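> Have a look at this one before I ask anything.
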Amino acid sequence: MVLADLTAGAVEDAARRERERPLPVVERAALEREPALDVRSALAPGDAVRIIAEVKRASPSRGALAEIPDPARQASLYQQGGASAISVLTEERRFRGRLEDLEAVTAAVDVPVLRKDFIATPYQVFEARAAGASLALLIVAGLERANLERLYALILELGMMPLVETHSAEELEVAIDLGAHLIGVNARDLTTLDLDRDLFGRLVERIPSSSVKIAESAVLTPADVAHYRAAGADAVLIGEALVTGDPVATLHSFLDAGAGDARNDRRESL
């Protein structure tokens, strides 16, 4: 199973880093870091879609996408283009990310930054905060319930915001039970790598109005952003389309496509 392998690899890599930089050192660095940025304001639903723009070199489904020798510059272009938040993939094996990318990006931008990785241990959470992240990803399908709840609470305790990612109605119920303020629906099933762009639209009505509704994956064109916005997305997480073209121009076109009230757009599309 792809997700299980990715999570196991990420945990193994984190254990290697922990041997080099023990937990007490990272915990102290996390607690001494300046406070996380205000994620609620940055991603608050409004009259246009919010975009979380991703620094992403590769993926298991698509292989190599872009070299991105300077992730800080890439993130700065995202902010210039109007991104409300930045996502940085730090998984080393299949996504070719690095924790150093996260540190470079958080130093370069003044919008919230998400650590996008297969987080399964407290050490990874402390790493995220020590590197300056304001958000951390938790994938429901990759975590046992008790561990999910423990990591969720730790992220909040450190002043960050968890982005709880789901792939099914059952996983969505878990996110709702947690009280997640940010709920993502990923069109990419990470257990099979299958893609279902309409999954978000089938699940969105189940997401409480108090939660920010985030559509993830299957975004290559402005029409894809408009599709998610019409379905009710408050925010869209986009990677591949932004690293393979002009990020500023692409973001402008995506934001234009996502303008307008999501609920009104959804009623008009029904």
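Order determines the names: the first chain of the structure tokens is A, the second B, and so forth; residues in each chain are numbered 1 upward, and ligands are numbered 1 upward as they are shown.
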With a distance cut-off of 12 Å and only C-alpha atoms, select the neighbouring residues of Pro60 of chain A, excluding the residue or stretch itself and same-chain residues fewer than 4 positions from it, and output the selection as a PyMOL selection string.
chain A and resi 2-3+5-6+56+64-65+91-96+188-194
> Taking 6 positions as the minimum chain separation for residues in the same chain, which residues sit within 12 Å of Asp246 of chain A when counting only C-alpha atoms? Answer as a list in words.
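The residues that qualify are Gln74, Leu77, Tyr78, Gln80, Gly81, Glu240, His252 and Ser253 of chain A.
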> Could you name the residues that touch segment 34-42 of chain A at 9 Å or less, counting only C-alpha atoms, but leaving out those on the same chain fewer than 3 positions away, as a list of chain:residue names?
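Residues meeting the cut-off are A:Ala30, A:Leu31, A:Pro45, A:Arg50, A:Ser84, A:Ala85, A:Asp110, A:Val111, A:Pro112, A:Val113, A:Arg129, A:Gly132, A:Ala133, A:Ser134, A:Leu135, A:Leu158, A:Gly159, A:Met160, A:Met161, A:His181, A:Leu182, A:Val212.
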> Please produce an output containing N, CA, C and O atoms for each residue in the selection, written as a JSON list (two decimals), in the first residue's frame.

[["chain", "number", "residue", "atom", "x", "y", "z"],
["A", 30, "ALA", "N", 11.47, 24.44, 19.01],
["A", 30, "ALA", "CA", 10.07, 24.68, 18.66],
["A", 30, "ALA", "C", 9.43, 25.66, 19.64],
["A", 30, "ALA", "O", 8.69, 26.56, 19.24],
["A", 31, "LEU", "N", 9.72, 25.49, 20.93],
["A", 31, "LEU", "CA", 9.11, 26.35, 21.95],
["A", 31, "LEU", "C", 9.68, 27.76, 21.92],
["A", 31, "LEU", "O", 9.01, 28.71, 22.34],
["A", 45, "PRO", "N", -12.93, 31.79, 4.74],
["A", 45, "PRO", "CA", -13.78, 31.85, 3.53],
["A", 45, "PRO", "C", -14.14, 33.29, 3.18],
["A", 45, "PRO", "O", -14.39, 34.11, 4.06],
["A", 50, "ARG", "N", -9.29, 30.74, -1.81],
["A", 50, "ARG", "CA", -7.93, 30.88, -1.30],
["A", 50, "ARG", "C", -7.08, 29.78, -1.94],
["A", 50, "ARG", "O", -7.57, 28.66, -2.14],
["A", 84, "SER", "N", -2.50, 32.45, -0.50],
["A", 84, "SER", "CA", -2.83, 32.75, 0.89],
["A", 84, "SER", "C", -1.97, 31.97, 1.87],
["A", 84, "SER", "O", -1.84, 32.36, 3.03],
["A", 85, "ALA", "N", -1.41, 30.86, 1.42],
["A", 85, "ALA", "CA", -0.53, 30.04, 2.25],
["A", 85, "ALA", "C", 0.37, 29.24, 1.32],
["A", 85, "ALA", "O", 0.08, 29.10, 0.12],
["A", 110, "ASP", "N", 5.74, 35.86, 4.36],
["A", 110, "ASP", "CA", 4.99, 36.23, 5.57],
["A", 110, "ASP", "C", 3.54, 35.79, 5.50],
["A", 110, "ASP", "O", 2.64, 36.44, 6.01],
["A", 111, "VAL", "N", 3.32, 34.65, 4.84],
["A", 111, "VAL", "CA", 2.03, 33.96, 4.87],
["A", 111, "VAL", "C", 2.26, 32.63, 5.57],
["A", 111, "VAL", "O", 3.39, 32.15, 5.65],
["A", 112, "PRO", "N", 1.21, 32.00, 6.10],
["A", 112, "PRO", "CA", 1.39, 30.72, 6.80],
["A", 112, "PRO", "C", 1.96, 29.65, 5.88],
["A", 112, "PRO", "O", 1.65, 29.59, 4.69],
["A", 113, "VAL", "N", 2.80, 28.79, 6.46],
["A", 113, "VAL", "CA", 3.44, 27.71, 5.71],
["A", 113, "VAL", "C", 3.04, 26.37, 6.33],
["A", 113, "VAL", "O", 3.09, 26.19, 7.55],
["A", 129, "ARG", "N", 7.32, 22.92, 13.81],
["A", 129, "ARG", "CA", 7.25, 24.20, 14.52],
["A", 129, "ARG", "C", 8.63, 24.83, 14.63],
["A", 129, "ARG", "O", 8.79, 26.05, 14.47],
["A", 132, "GLY", "N", 9.47, 26.70, 11.66],
["A", 132, "GLY", "CA", 8.65, 27.87, 11.39],
["A", 132, "GLY", "C", 7.29, 27.62, 10.79],
["A", 132, "GLY", "O", 6.57, 28.56, 10.46],
["A", 133, "ALA", "N", 6.90, 26.36, 10.66],
["A", 133, "ALA", "CA", 5.60, 26.05, 10.08],
["A", 133, "ALA", "C", 4.46, 26.56, 10.96],
["A", 133, "ALA", "O", 4.56, 26.53, 12.19],
["A", 134, "SER", "N", 3.40, 27.01, 10.31],
["A", 134, "SER", "CA", 2.19, 27.42, 11.02],
["A", 134, "SER", "C", 1.09, 26.37, 10.89],
["A", 134, "SER", "O", 0.09, 26.43, 11.60],
["A", 135, "LEU", "N", 1.27, 25.43, 9.96],
["A", 135, "LEU", "CA", 0.32, 24.33, 9.76],
["A", 135, "LEU", "C", 1.09, 23.03, 9.64],
["A", 135, "LEU", "O", 2.25, 23.02, 9.19],
["A", 158, "LEU", "N", 1.20, 23.61, 20.24],
["A", 158, "LEU", "CA", 2.36, 24.37, 19.79],
["A", 158, "LEU", "C", 1.95, 25.64, 19.02],
["A", 158, "LEU", "O", 2.82, 26.34, 18.50],
["A", 159, "GLY", "N", 0.65, 25.90, 18.95],
["A", 159, "GLY", "CA", 0.18, 27.12, 18.32],
["A", 159, "GLY", "C", -0.02, 27.02, 16.82],
["A", 159, "GLY", "O", -0.32, 28.03, 16.17],
["A", 160, "MET", "N", 0.14, 25.82, 16.26],
["A", 160, "MET", "CA", -0.08, 25.61, 14.83],
["A", 160, "MET", "C", -1.52, 25.19, 14.58],
["A", 160, "MET", "O", -2.30, 25.00, 15.52],
["A", 161, "MET", "N", -1.85, 25.01, 13.31],
["A", 161, "MET", "CA", -3.17, 24.54, 12.93],
["A", 161, "MET", "C", -3.02, 23.23, 12.16],
["A", 161, "MET", "O", -2.25, 23.16, 11.21],
["A", 181, "HIS", "N", -10.69, 22.42, 12.20],
["A", 181, "HIS", "CA", -11.06, 23.70, 11.57],
["A", 181, "HIS", "C", -10.71, 23.70, 10.09],
["A", 181, "HIS", "O", -11.40, 24.33, 9.29],
["A", 182, "LEU", "N", -9.65, 22.99, 9.71],
["A", 182, "LEU", "CA", -9.25, 22.86, 8.31],
["A", 182, "LEU", "C", -9.43, 21.41, 7.89],
["A", 182, "LEU", "O", -8.76, 20.52, 8.43],
["A", 212, "VAL", "N", -13.05, 25.19, 7.36],
["A", 212, "VAL", "CA", -12.59, 25.62, 6.04],
["A", 212, "VAL", "C", -12.49, 24.38, 5.17],
["A", 212, "VAL", "O", -11.84, 23.39, 5.53]]
> Could you tell me, as an MDAnalysis selection string, which residues of segment 143-262 of chain A DSSP assigns to strand (DSSP E) when given the backbone?
chainID A and resid 161:166 182:186 212:216 235:238
> Could those residues be written to a file, using C-alpha atoms, as a tab-separated table (two decimals), in the first residue's frame?

chain	number	residue	atom	x	y	z
A	161	MET	CA	-3.17	24.54	12.93
A	162	PRO	CA	-3.70	20.94	11.77
A	163	LEU	CA	-4.85	20.37	8.19
A	164	VAL	CA	-6.75	17.09	8.46
A	165	GLU	CA	-6.77	15.29	5.12
A	166	THR	CA	-9.52	12.85	4.17
A	182	LEU	CA	-9.25	22.86	8.31
A	183	ILE	CA	-10.55	19.81	6.47
A	184	GLY	CA	-9.02	18.69	3.19
A	185	VAL	CA	-10.52	16.28	0.70
A	186	ASN	CA	-7.81	14.81	-1.50
A	212	VAL	CA	-12.59	25.62	6.04
A	213	LYS	CA	-13.22	23.29	3.10
A	214	ILE	CA	-10.05	22.54	1.16
A	215	ALA	CA	-9.90	20.69	-2.15
A	216	GLU	CA	-6.63	18.92	-2.89
A	235	ALA	CA	-9.47	26.89	-0.61
A	236	VAL	CA	-7.61	24.76	-3.14
A	237	LEU	CA	-4.18	23.21	-2.64
A	238	ILE	CA	-2.17	23.27	-5.89
> Could you work out how far atom CA of Gln79 of chain A lies from atom CA of Val109 of chain A, giving the answer in Å with one decimal?
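Result for atom CA of Val109 of chain A versus atom CA of Gln79 of chain A: 7.0 Å, one decimal.
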> Set the distance at 8 Å and use only C-alpha atoms: which residues neighbour Ile176 of chain A once local chain neighbours fewer than 4 positions away are removed? I'd like the list as a list in words.
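The filter keeps Leu172, Ala180, Ile207 and Pro208 of chain A.
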> May I have the residues within 8 Å of Ala108 of chain A as a PyMOL selection string, using only C-alpha atoms and disregarding those fewer than 4 positions away in the same chain?
chain A and resi 72-73+75-76+104
> Find the residue from A:Leu102, A:Leu151, A:Ala223, A:Val26 that sits nearest to Thr121 of chain A; use only C-alpha atoms when measuring.
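Ranked by minimum distance to Thr121 of chain A, first place goes to A:Leu151.
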